[in-house]
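Student: Take a look at coords.csv, CSV, C-alpha atoms:
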chain,number,residue,atom,x,y,z
A,234,MET,CA,26.8,27.2,-141.6
A,235,THR,CA,28.4,30.3,-140.1
A,236,LEU,CA,26.6,33.5,-139.3
A,237,LEU,CA,28.6,36.7,-139.1
A,238,SER,CA,27.7,38.9,-136.2
A,239,ARG,CA,25.7,42.0,-137.2
A,240,ARG,CA,26.9,45.0,-135.1
A,241,GLY,CA,25.5,48.5,-134.8
A,242,PRO,CA,23.0,50.7,-133.2
A,243,ALA,CA,20.0,48.6,-134.3
A,244,ARG,CA,20.8,46.1,-131.6
A,245,THR,CA,19.7,43.1,-133.7
A,246,ALA,CA,21.2,39.8,-132.7
A,247,ASP,CA,22.2,36.7,-134.6
A,248,VAL,CA,21.0,33.8,-132.6
A,249,VAL,CA,21.2,30.0,-132.5
A,250,VAL,CA,18.2,28.4,-130.9
A,251,VAL,CA,18.8,24.8,-129.8
A,252,GLY,CA,15.5,23.0,-130.0
A,253,ALA,CA,12.8,22.9,-132.6
A,254,GLY,CA,9.9,22.2,-130.2
A,255,VAL,CA,7.2,24.7,-129.6
A,256,VAL,CA,9.2,26.9,-127.2
A,257,GLY,CA,12.2,27.0,-129.5
A,258,ALA,CA,9.9,27.7,-132.4
A,259,ALA,CA,8.2,30.6,-130.5
A,260,VAL,CA,11.6,32.1,-129.6
A,261,ALA,CA,12.8,31.8,-133.2
A,262,ARG,CA,9.6,33.4,-134.6
A,263,SER,CA,9.7,36.3,-132.1
A,264,LEU,CA,13.3,37.0,-132.8
A,265,SER,CA,12.7,36.8,-136.5
A,266,VAL,CA,9.8,39.2,-136.3
A,267,GLY,CA,12.2,41.5,-134.4
A,268,GLY,CA,14.7,41.5,-137.3
A,269,ALA,CA,17.3,39.0,-135.9
A,270,ARG,CA,18.8,36.3,-138.1
A,271,VAL,CA,18.1,33.0,-136.5
A,272,VAL,CA,19.3,29.4,-137.0
A,273,VAL,CA,17.3,26.7,-135.2
A,274,VAL,CA,19.2,23.4,-134.6
A,275,ASP,CA,17.6,20.1,-133.4
A,276,ARG,CA,19.1,16.7,-133.1
A,277,GLY,CA,15.8,15.2,-134.3
A,278,GLU,CA,12.8,16.6,-136.2
A,279,ALA,CA,10.7,19.6,-135.5
A,280,ALA,CA,8.1,18.9,-132.8
A,281,GLY,CA,9.8,15.4,-132.4
A,282,GLY,CA,10.1,15.5,-128.6
A,283,THR,CA,7.9,16.9,-125.9
A,284,SER,CA,5.8,19.1,-128.2
A,285,GLY,CA,4.8,16.1,-130.3
A,286,SER,CA,3.6,14.1,-127.2
A,287,GLY,CA,1.5,16.8,-125.4
A,288,GLU,CA,-2.2,17.5,-125.3
A,289,GLY,CA,-1.9,21.1,-126.3
A,290,ASN,CA,-3.1,22.6,-123.1
A,291,LEU,CA,-3.3,26.4,-122.6
A,292,LEU,CA,-4.1,26.7,-118.9
A,293,VAL,CA,-4.5,29.3,-116.2
A,294,SER,CA,-6.6,27.0,-114.0
A,295,ASP,CA,-3.7,25.0,-112.6
A,296,LYS,CA,-1.4,28.0,-111.6
A,297,GLY,CA,-1.5,29.8,-108.3
A,298,PRO,CA,-0.6,33.5,-108.0
A,299,GLY,CA,2.9,34.3,-109.0
A,300,ALA,CA,5.3,34.6,-112.0
A,301,GLU,CA,4.1,31.5,-113.9
A,302,LEU,CA,0.5,32.6,-113.7
A,303,ALA,CA,1.5,36.0,-115.0
A,304,MET,CA,3.2,34.3,-117.9
A,305,ALA,CA,0.2,32.1,-118.6
A,306,GLN,CA,-2.1,35.2,-118.5
A,307,ARG,CA,0.1,36.9,-121.0
A,308,ALA,CA,0.1,33.8,-123.2
A,309,VAL,CA,-3.7,33.8,-123.1
A,310,GLN,CA,-3.6,37.3,-124.6
A,311,LEU,CA,-1.0,36.3,-127.2
A,312,TRP,CA,-2.4,33.0,-128.5
A,313,PRO,CA,-5.5,34.3,-130.4
A,314,VAL,CA,-3.4,37.1,-131.9
A,315,LEU,CA,-0.7,34.7,-132.9
A,316,ALA,CA,-3.1,32.2,-134.4
A,317,ALA,CA,-4.6,35.0,-136.5
A,318,GLU,CA,-1.2,36.2,-137.7
A,319,LEU,CA,0.0,32.8,-138.6
A,320,ARG,CA,-3.2,32.0,-140.5
A,321,GLU,CA,-2.8,35.2,-142.5
A,322,GLU,CA,1.0,34.8,-143.1
A,323,LEU,CA,0.8,31.1,-144.1
A,324,ARG,CA,-2.4,31.2,-146.1
A,325,ALA,CA,-0.5,31.5,-149.4
A,326,GLY,CA,2.3,29.1,-148.4
A,327,LEU,CA,0.6,25.9,-149.3
A,328,PRO,CA,-2.3,24.9,-151.6
A,329,GLY,CA,-5.4,25.3,-149.5
A,330,GLY,CA,-3.4,27.1,-146.8
A,331,PHE,CA,-1.5,25.9,-143.7
A,332,PRO,CA,-3.3,23.4,-141.4
A,333,ASP,CA,-5.4,25.1,-138.8
A,334,LEU,CA,-3.9,25.4,-135.3
A,335,GLU,CA,-7.2,24.1,-133.8
A,336,LEU,CA,-7.1,26.9,-131.2
A,337,GLU,CA,-10.2,26.2,-129.2
A,338,PRO,CA,-11.2,28.4,-126.2
A,339,LYS,CA,-13.1,25.6,-124.7
A,340,GLY,CA,-12.6,26.5,-121.0
A,341,GLY,CA,-11.7,24.2,-118.2
A,342,LEU,CA,-13.7,22.6,-115.4
A,343,VAL,CA,-12.0,21.4,-112.2
A,344,VAL,CA,-14.0,18.9,-110.2
A,345,ALA,CA,-13.7,17.9,-106.5
A,346,THR,CA,-15.6,14.8,-105.5
A,347,THR,CA,-14.9,15.0,-101.7
A,348,GLU,CA,-15.5,17.7,-99.1
A,349,ASP,CA,-11.8,17.9,-98.4
A,350,GLY,CA,-11.1,18.3,-102.1
A,351,ALA,CA,-13.8,20.9,-102.3
A,352,SER,CA,-12.3,23.0,-99.5
A,353,ALA,CA,-8.9,22.9,-101.1
A,354,LEU,CA,-10.3,23.8,-104.6
A,355,ARG,CA,-12.3,26.7,-103.2
A,356,ALA,CA,-9.3,28.1,-101.4
A,357,PHE,CA,-7.1,27.8,-104.5
A,358,ALA,CA,-9.7,29.5,-106.8
A,359,ALA,CA,-10.1,32.3,-104.2
A,360,ALA,CA,-6.4,33.0,-104.2
A,361,GLN,CA,-6.4,33.2,-108.0
A,362,ARG,CA,-9.1,35.7,-108.4
A,363,PRO,CA,-7.2,38.8,-107.1
A,364,ALA,CA,-4.6,38.0,-109.7
A,365,GLY,CA,-7.3,38.4,-112.4
A,366,VAL,CA,-8.2,34.8,-113.0
A,367,ARG,CA,-11.9,34.2,-113.9
A,368,ALA,CA,-13.0,31.2,-111.7
A,369,THR,CA,-16.7,30.5,-111.1
A,370,GLU,CA,-17.8,28.0,-108.4
A,371,LEU,CA,-20.5,25.5,-109.4
A,372,ASP,CA,-22.5,22.9,-107.5
A,373,ALA,CA,-23.2,19.5,-109.0
A,374,ALA,CA,-26.1,20.7,-111.0
A,375,GLY,CA,-24.2,23.6,-112.4
A,376,ALA,CA,-21.2,21.4,-113.3
A,377,ARG,CA,-23.5,18.9,-115.1
A,378,ALA,CA,-25.2,21.7,-117.0
A,379,LEU,CA,-21.8,22.3,-118.6
A,380,GLU,CA,-20.8,18.6,-118.8
A,381,PRO,CA,-23.9,16.4,-118.9
A,382,ALA,CA,-21.9,13.2,-118.9
A,383,LEU,CA,-20.0,14.1,-115.7
A,384,THR,CA,-20.4,12.0,-112.5
A,385,PRO,CA,-23.2,13.2,-110.2
A,386,ASP,CA,-20.7,12.8,-107.3
A,387,VAL,CA,-19.6,16.4,-107.4
A,388,ALA,CA,-18.9,18.2,-104.1
A,389,LEU,CA,-17.7,21.4,-105.9
A,390,ALA,CA,-16.5,22.4,-109.4
A,391,VAL,CA,-14.8,25.6,-110.6
A,392,HIS,CA,-15.2,26.8,-114.2
A,393,TYR,CA,-12.3,28.5,-115.9
A,394,PRO,CA,-13.4,30.1,-119.1
A,395,ASP,CA,-9.9,31.1,-120.2
A,396,ASP,CA,-8.5,27.6,-120.5
A,397,ALA,CA,-8.0,26.6,-124.1
A,398,GLN,CA,-6.4,24.0,-126.3
A,399,VAL,CA,-4.3,24.0,-129.5
A,400,GLN,CA,-2.9,21.3,-131.8
A,401,PRO,CA,0.8,21.3,-130.6
A,402,VAL,CA,2.5,19.8,-133.6
A,403,VAL,CA,0.7,22.1,-136.1
A,404,ALA,CA,1.4,25.1,-133.8
A,405,THR,CA,5.1,24.3,-133.7
A,406,GLU,CA,5.4,23.8,-137.4
A,407,ALA,CA,3.5,27.0,-138.1
A,408,LEU,CA,5.8,29.0,-135.8
A,409,LEU,CA,8.8,27.6,-137.6
A,410,ALA,CA,7.3,28.3,-141.0
A,411,SER,CA,6.7,31.9,-140.0
A,412,ALA,CA,10.3,32.2,-138.9
A,413,ARG,CA,11.5,30.7,-142.1
A,414,HIS,CA,9.5,33.2,-144.1
A,415,ARG,CA,11.5,35.9,-142.4
A,416,GLY,CA,14.8,34.2,-143.2
A,417,ALA,CA,15.4,31.8,-140.3
A,418,VAL,CA,17.1,28.5,-141.1
A,419,VAL,CA,16.0,25.2,-139.4
A,420,LEU,CA,18.6,22.5,-139.2
A,421,THR,CA,17.2,19.1,-138.1
A,422,GLY,CA,19.3,16.1,-137.5
A,423,ALA,CA,21.9,18.5,-136.1
A,424,GLN,CA,23.0,17.4,-132.6
A,425,VAL,CA,25.0,19.9,-130.5
A,426,THR,CA,28.4,18.5,-129.7
A,427,GLY,CA,30.1,21.4,-127.9
A,428,PRO,CA,30.5,25.2,-127.5
A,429,LEU,CA,32.1,27.6,-129.8
A,430,LEU,CA,34.0,30.0,-127.5
A,431,SER,CA,35.7,33.3,-128.1
A,432,GLY,CA,38.1,35.2,-125.9
A,433,ALA,CA,40.5,34.1,-123.2
A,434,ARG,CA,39.5,31.1,-121.1
A,435,ALA,CA,38.8,33.1,-117.9
A,436,GLY,CA,36.6,35.5,-119.8
A,437,ALA,CA,35.3,33.3,-122.5
A,438,ARG,CA,32.1,34.1,-124.3
A,439,LEU,CA,29.8,31.6,-126.0
A,440,ALA,CA,29.9,32.4,-129.7
A,441,GLY,CA,28.0,29.5,-131.2
A,442,VAL,CA,27.8,25.7,-131.2
A,443,HIS,CA,29.5,22.8,-132.8
A,444,THR,CA,26.9,20.4,-134.3
A,445,THR,CA,27.0,17.2,-136.3
A,446,ARG,CA,26.0,19.2,-139.3
A,447,GLY,CA,28.7,21.8,-138.9
A,448,ASP,CA,29.5,24.8,-136.8
A,449,VAL,CA,27.0,27.6,-136.2
A,450,ALA,CA,28.4,30.9,-135.0
A,451,ALA,CA,26.3,33.6,-133.5
A,452,ASP,CA,26.1,36.4,-130.9
A,453,ALA,CA,23.9,34.3,-128.7
A,454,VAL,CA,22.8,30.7,-128.1
A,455,VAL,CA,19.3,30.0,-126.7
A,456,VAL,CA,18.9,26.5,-125.1
A,457,ALA,CA,15.3,25.5,-125.7
A,458,ALA,CA,15.8,21.8,-125.7
A,459,GLY,CA,13.0,20.9,-123.3
A,460,PRO,CA,13.9,17.9,-121.0
A,461,TRP,CA,17.2,17.6,-122.8
A,462,SER,CA,18.2,21.2,-121.8
A,463,GLY,CA,20.1,19.9,-118.7
A,464,GLU,CA,22.3,17.8,-121.0
A,465,VAL,CA,22.8,20.6,-123.6
A,466,SER,CA,23.5,23.3,-121.0
A,467,ALA,CA,26.1,21.1,-119.3
A,468,LEU,CA,27.7,20.4,-122.6
A,469,LEU,CA,28.0,24.1,-123.2
A,470,GLY,CA,29.6,24.7,-119.8
A,471,ALA,CA,26.8,26.1,-117.6
A,472,PRO,CA,24.6,23.2,-116.4
A,473,LEU,CA,20.9,23.7,-115.5
A,474,PRO,CA,18.9,21.4,-113.2
A,475,VAL,CA,16.4,20.4,-115.9
A,476,LEU,CA,15.3,16.7,-115.6
A,477,PRO,CA,12.8,14.7,-117.6
A,478,ARG,CA,9.5,13.9,-116.0
A,479,ARG,CA,7.5,11.3,-117.9
A,480,GLY,CA,3.8,11.5,-118.6
A,481,VAL,CA,1.4,9.1,-120.4
A,482,VAL,CA,-1.8,9.8,-122.3
A,483,LEU,CA,-4.5,7.4,-123.4
A,484,VAL,CA,-6.4,8.0,-126.6
A,485,THR,CA,-9.8,6.6,-127.3
A,486,THR,CA,-11.4,5.8,-130.7
A,487,ARG,CA,-13.5,8.6,-132.2
A,488,GLN,CA,-16.7,9.1,-130.1
A,489,PRO,CA,-19.8,11.2,-130.3
A,490,HIS,CA,-19.0,14.5,-128.6
A,491,GLN,CA,-19.5,14.0,-124.9
A,492,VAL,CA,-16.7,16.0,-123.2
A,493,PHE,CA,-16.9,19.7,-124.0
A,494,ARG,CA,-14.2,21.2,-121.9
A,495,LYS,CA,-10.9,20.2,-120.3
A,496,VAL,CA,-12.1,18.4,-117.2
A,497,TYR,CA,-9.8,17.4,-114.4
A,498,ASP,CA,-10.0,16.4,-110.8
A,499,ALA,CA,-8.8,18.8,-108.1
A,500,ASP,CA,-5.8,16.6,-107.4
A,501,TYR,CA,-4.2,17.7,-110.7
A,502,VAL,CA,-3.0,21.0,-109.3
A,503,GLY,CA,-1.1,19.2,-106.5
A,504,ALA,CA,0.5,16.8,-108.9
A,505,VAL,CA,1.7,19.6,-111.1
A,506,GLY,CA,3.4,21.4,-108.2
A,507,SER,CA,4.9,18.3,-106.6
A,508,GLY,CA,8.5,17.5,-106.8
A,509,ASP,CA,8.0,13.8,-105.9
A,510,ALA,CA,9.9,11.4,-108.2
A,511,ASP,CA,7.5,8.6,-107.7
A,512,LEU,CA,4.5,7.9,-109.9
A,513,GLN,CA,1.6,10.3,-109.5
A,514,THR,CA,-1.6,10.3,-111.4
A,515,SER,CA,-4.6,12.6,-111.5
A,516,THR,CA,-7.5,12.6,-113.9
A,517,VAL,CA,-7.6,14.8,-117.0
A,518,VAL,CA,-10.2,14.2,-119.7
A,519,GLU,CA,-10.8,16.2,-122.9
A,520,SER,CA,-12.0,15.8,-126.5
A,521,THR,CA,-10.1,16.7,-129.6
A,522,ALA,CA,-11.3,18.2,-132.9
A,523,SER,CA,-11.1,14.8,-134.5
A,524,GLY,CA,-13.5,13.2,-132.0
A,525,THR,CA,-11.0,11.2,-129.9
A,526,ILE,CA,-10.8,11.6,-126.1
A,527,LEU,CA,-7.5,12.2,-124.4
A,528,ILE,CA,-7.1,10.8,-120.9
A,529,GLY,CA,-4.2,11.8,-118.6
A,530,SER,CA,-2.3,12.5,-116.6
A,531,SER,CA,0.7,10.8,-115.0
A,532,ARG,CA,4.0,12.2,-113.7
A,533,GLU,CA,7.1,10.3,-112.7
A,534,ARG,CA,10.9,10.9,-112.8
A,535,VAL,CA,12.4,7.8,-114.5
A,536,GLY,CA,15.0,9.4,-116.6
A,537,PHE,CA,14.4,8.9,-120.3
A,538,ASP,CA,13.0,5.4,-119.8
A,539,THR,CA,10.2,4.8,-122.4
A,540,ALA,CA,9.0,1.4,-121.1
A,541,LEU,CA,5.3,1.0,-121.0
A,542,ARG,CA,3.9,0.4,-117.5
A,543,VAL,CA,0.5,-1.2,-117.3
A,544,GLU,CA,-0.1,0.2,-113.8
A,545,VAL,CA,0.1,3.7,-115.2
A,546,LEU,CA,-2.5,2.9,-117.9
A,547,ARG,CA,-4.8,1.2,-115.4
A,548,ARG,CA,-4.8,4.2,-113.0
A,549,LEU,CA,-5.4,6.7,-115.8
A,550,ALA,CA,-8.4,4.6,-117.0
A,551,ALA,CA,-9.9,4.3,-113.5
A,552,GLY,CA,-9.6,8.0,-112.9
A,553,ALA,CA,-11.4,8.8,-116.2
A,554,LEU,CA,-14.3,6.4,-115.3
A,555,ALA,CA,-14.6,8.1,-111.9
A,556,LEU,CA,-15.3,11.4,-113.6
A,557,PHE,CA,-17.2,10.1,-116.7
A,558,PRO,CA,-18.8,6.8,-115.9
A,559,GLY,CA,-20.2,6.7,-119.4
A,560,LEU,CA,-16.8,6.0,-120.8
A,561,ALA,CA,-17.0,2.4,-119.6
A,562,GLY,CA,-16.5,0.2,-122.6
A,563,VAL,CA,-15.1,2.9,-124.9
A,564,PRO,CA,-12.1,1.4,-126.8
A,565,VAL,CA,-8.7,2.9,-126.2
A,566,MET,CA,-6.8,2.7,-129.5
A,567,ARG,CA,-3.4,3.8,-128.3
A,568,SER,CA,-1.3,5.4,-125.6
A,569,TYR,CA,1.7,7.6,-125.9
A,570,GLY,CA,4.3,9.0,-123.5
A,571,GLY,CA,6.5,12.0,-123.4
A,572,PHE,CA,9.0,13.8,-121.2
A,573,ARG,CA,8.4,17.2,-119.6
A,574,PRO,CA,11.3,19.5,-118.6
A,575,TYR,CA,11.1,19.6,-114.8
A,576,VAL,CA,12.9,22.3,-112.8
A,577,PRO,CA,13.0,21.9,-109.0
A,578,ASP,CA,11.4,25.2,-108.2
A,579,HIS,CA,8.7,24.7,-110.8
A,580,LEU,CA,9.3,27.8,-112.8
A,581,PRO,CA,10.5,28.2,-116.4
A,582,VAL,CA,14.0,29.5,-116.9
A,583,ALA,CA,14.1,32.3,-119.6
A,584,GLY,CA,16.8,34.8,-120.1
A,585,PRO,CA,20.6,35.2,-120.1
A,586,ASP,CA,22.9,33.0,-118.1
A,587,PRO,CA,25.3,35.2,-116.1
A,588,ARG,CA,27.8,32.3,-115.8
A,589,LEU,CA,28.6,32.3,-119.5
A,590,PRO,CA,28.1,35.4,-121.6
A,591,GLY,CA,26.3,34.6,-124.8
A,592,LEU,CA,24.3,31.7,-123.3
A,593,TRP,CA,20.5,32.1,-122.9
A,594,HIS,CA,17.8,29.7,-121.8
A,595,ALA,CA,14.1,29.1,-122.6
A,596,THR,CA,13.2,25.9,-120.8
A,597,GLY,CA,11.9,24.2,-117.7
A,598,HIS,CA,8.1,24.7,-118.4
A,599,GLU,CA,7.3,21.1,-117.5
A,600,GLY,CA,3.8,20.4,-118.8
A,601,ALA,CA,3.0,24.0,-119.6
A,602,GLY,CA,5.3,24.6,-122.5
A,603,ILE,CA,2.6,24.6,-125.2
A,604,GLY,CA,0.6,27.2,-123.4
A,605,LEU,CA,3.5,29.4,-122.2
A,606,ALA,CA,5.5,29.3,-125.5
A,607,PRO,CA,4.3,32.7,-127.0
A,608,ALA,CA,5.0,34.5,-123.8
A,609,THR,CA,8.4,32.9,-123.4
A,610,GLY,CA,9.3,33.7,-127.0
A,611,GLU,CA,8.2,37.3,-126.4
A,612,LEU,CA,10.2,37.6,-123.2
A,613,VAL,CA,13.5,36.2,-124.6
A,614,ALA,CA,13.2,38.3,-127.8
A,615,ASP,CA,12.5,41.4,-125.7
A,616,LEU,CA,15.6,40.9,-123.6
A,617,LEU,CA,17.8,39.9,-126.5
A,618,LEU,CA,16.7,42.8,-128.7
A,619,GLY,CA,17.0,45.4,-125.9
A,620,ARG,CA,13.3,46.0,-125.5
A,621,ALA,CA,11.5,46.5,-122.2
A,622,PRO,CA,9.8,43.1,-121.4
A,623,VAL,CA,6.1,42.9,-120.5
A,624,LEU,CA,6.8,40.2,-117.9
A,625,ASP,CA,9.1,40.5,-114.8
A,626,ALA,CA,12.3,39.0,-116.3
A,627,ALA,CA,13.9,38.5,-112.8
A,628,ALA,CA,11.3,35.9,-111.9
A,629,PHE,CA,12.5,33.6,-114.6
A,630,SER,CA,16.2,34.4,-114.4
A,631,VAL,CA,18.9,31.7,-113.9
A,632,ALA,CA,20.1,33.8,-111.0
A,633,ARG,CA,16.8,33.7,-109.0
A,634,PRO,CA,17.3,32.7,-105.4
A,635,SER,CA,15.0,29.7,-105.5
A,636,LEU,CA,17.3,28.1,-108.1
A,637,ALA,CA,20.7,28.9,-106.5
A,638,ALA,CA,21.1,25.8,-104.3
A,639,HIS,CA,20.1,23.5,-107.1
A,640,LEU,CA,22.7,25.1,-109.5
A,641,ALA,CA,25.4,24.8,-106.9
A,642,GLY,CA,24.9,21.1,-106.5
A,643,LEU,CA,25.2,20.3,-110.2
A,644,PRO,CA,28.3,18.4,-111.5
A,645,GLY,CA,30.5,20.8,-113.3
A,646,ALA,CA,28.9,23.9,-111.7
A,647,ALA,CA,31.3,26.8,-111.2
A,648,ALA,CA,32.6,27.1,-107.7
So, in terms of structure tokens, how does the structure I just supplied come out?
Tutor:
Amino acid sequence: MTLLSRRGPARTADVVVVGAGVVGAAVARSLSVGGARVVVVDRGEAAGGTSGSGEGNLLVSDKGPGAELAMAQRAVQLWPVLAAELREELRAGLPGGFPDLELEPKGGLVVATTEDGASALRAFAAAQRPAGVRATELDAAGARALEPALTPDVALAVHYPDDAQVQPVVATEALLASARHRGAVVLTGAQVTGPLLSGARAGARLAGVHTTRGDVAADAVVVAAGPWSGEVSALLGAPLPVLPRRGVVLVTTRQPHQVFRKVYDADYVGAVGSGDADLQTSTVVESTASGTILIGSSRERVGFDTALRVEVLRRLAAGALALFPGLAGVPVMRSYGGFRPYVPDHLPVAGPDPRLPGLWHATGHEGAGIGLAPATGELVADLLLGRAPVLDAAAFSVARPSLAAHLAGLPGAAA
């Protein structure tokens, strides 16, 4: 399929989005709403990678002051509006309407069970509040009033009412369906095999991609391939230091409702911000609309190795029991793993790549991609369509100083 460039004062852009996960879907939808003609390509199926193996977390509680928190706060504003718009748009699309996104503003509860953990948690929450985060300290009695099944061994808890959850696969499919309604094309089973370039070699511009389902030409290419973005960006000639970071989740059988929020121990924040390649686990427990309980989380850099490791499952289960002793004996019906797109400076990359005109990125969200997707889609669309962005675009730029050394060390990086 070939798209002919649309030129003129309207500043609309014809765009190829590489990746049909939630971030790529959000970018495609935002661009389509803005009038751009979009083709989404993915080597697999929609939501077949990271988005299909996540918990659907929409969090502000795990982010300290800075650019990522600002993006998360913008996403908190956008998700309810987006859910309502998608519900209205897609109501007539299927008999009975489109499946519900299960957007649930359940809130989060971060729990410290030691005095050292309590001190660190108190300081973290205190730093967030000036940035506009609602974070209320609770003692053991206050925490158990919100979560009656919680362990009594609580030194301090912090309640974050703005944390929420969404069904990630349905959200991804809904965003893509909305983009399709506006003319977008989604090509699955279309693996990118190389760049389409225009102009002389020294001043070449990316003008599309070769795929296993044919060439797609466009004014811009947005790489939103999650943990595979490192491979795709290198293939196109401007590598990014995006690596897969594996995580595993346990899923119980359906239970009477006993966990009412996203509950995690205070170690979770440290694990999210760590760059350690070795296995790290911290406890995250939450219920789903179907009645199952999800138990996480683990982080390790093992490439794309999918091998099941019993030690990971054991540590996740032990952590869950430490927070919710009543889960002892509850059957675990399955576990699943996925790969998060890890970037060394722990910030998403969103915007144009100055090394190769025509190349754009929307990746590197690690475990926050579901939550940050609407704000990422908005930011990329604003920049591509020539609108003033709501967020500070420089903070997420490929050219930011915190990424420079990592870019320089990549194979194939320009001298």
Student: Skip region 447-464 of chain A itself and residues of its chain fewer than 2 positions away, then list as a PyMOL selection string all residues within 6 Å of it, counting all atoms listed in the file.
Tutor: chain A and resi 234-236+247-252+257+440-445+466-467+473-477+573-574+591-596
Student: Compare A:Gly267, A:Pro558, A:Gly470, A:Pro363 by their minimum atom-to-atom distance to Leu643 (chain A), counting only C-alpha atoms, and give me the closest one.
Tutor: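 The closest residue to Leu643 (chain A) is A:Gly470.
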Student: Mind checking which residues fall within 8 Å of Leu580 (chain A), counting only C-alpha atoms, ignoring those fewer than 6 positions away in the same chain, and posting them as a PyMOL selection string?
Tutor: chain A and resi 300-301+597-598+629
Student: Given the selection you just returned, output its residues as a file containing C-alpha atoms, formatted as a CSV table (one decimal), in the coordinates of the input.
Tutor:
chain,number,residue,atom,x,y,z
A,300,ALA,CA,5.3,34.6,-112.0
A,301,GLU,CA,4.1,31.5,-113.9
A,597,GLY,CA,11.9,24.2,-117.7
A,598,HIS,CA,8.1,24.7,-118.4
A,629,PHE,CA,12.5,33.6,-114.6
Student: Measuring between all atoms listed in the file, which one of A:Gln306, A:Gln400, A:Gly365, A:Tyr393 shows the shortest distance to Asp333 (chain A)?
Tutor: A:Gln400
Student: One decimal, in Å: what's the spacing between CA of Pro581 (chain A) and CA of Asp625 (chain A)?
Tutor: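 About the pair CA of Pro581 (chain A) and CA of Asp625 (chain A): they are 12.5 Å apart.
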Student: What separation in Å, quoted to one decimal, exists between CA of Arg548 (chain A) and CA of Gly287 (chain A)?
Tutor: 18.8 Å
Student: What separation in Å, quoted to one decimal, exists between CA of Leu636 (chain A) and CA of His579 (chain A)?
Tutor: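 That distance, rounded to one decimal, is 9.6 Å.
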Student: Skipping near chain neighbours, those fewer than 2 positions away, what residues fall within 8 Å of Gly571 (chain A) using only C-alpha atoms, listed as a short mmCIF file (atom, residue, chain, number, x, y, z; two decimals) with C-alpha atoms, in the frame of the given file?
Tutor:
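Saved result, result_39.cif, follows:
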data_model
loop_
_atom_site.label_atom_id
_atom_site.label_comp_id
_atom_site.auth_asym_id
_atom_site.auth_seq_id
_atom_site.Cartn_x
_atom_site.Cartn_y
_atom_site.Cartn_z
CA GLY A 282 10.10 15.50 -128.60
CA THR A 283 7.90 16.90 -125.90
CA SER A 286 3.60 14.10 -127.20
CA GLY A 287 1.50 16.80 -125.40
CA ARG A 479 7.50 11.30 -117.90
CA GLY A 480 3.80 11.50 -118.60
CA VAL A 481 1.40 9.10 -120.40
CA TYR A 569 1.70 7.60 -125.90
CA ARG A 573 8.40 17.20 -119.60
#
Student: Can you pull out the residues contacting Ser515 (chain A)? Cut-off 8 Å, using only C-alpha atoms, and skip same-chain residues under 6 positions away; I want them as a list of chain:residue names.
Tutor: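 Residues near the query, excluding close chain neighbours: A:Tyr497, A:Asp498, A:Asp500, A:Tyr501, A:Ala504, A:Gly529, A:Ser530, A:Ser531, A:Leu549, A:Gly552.
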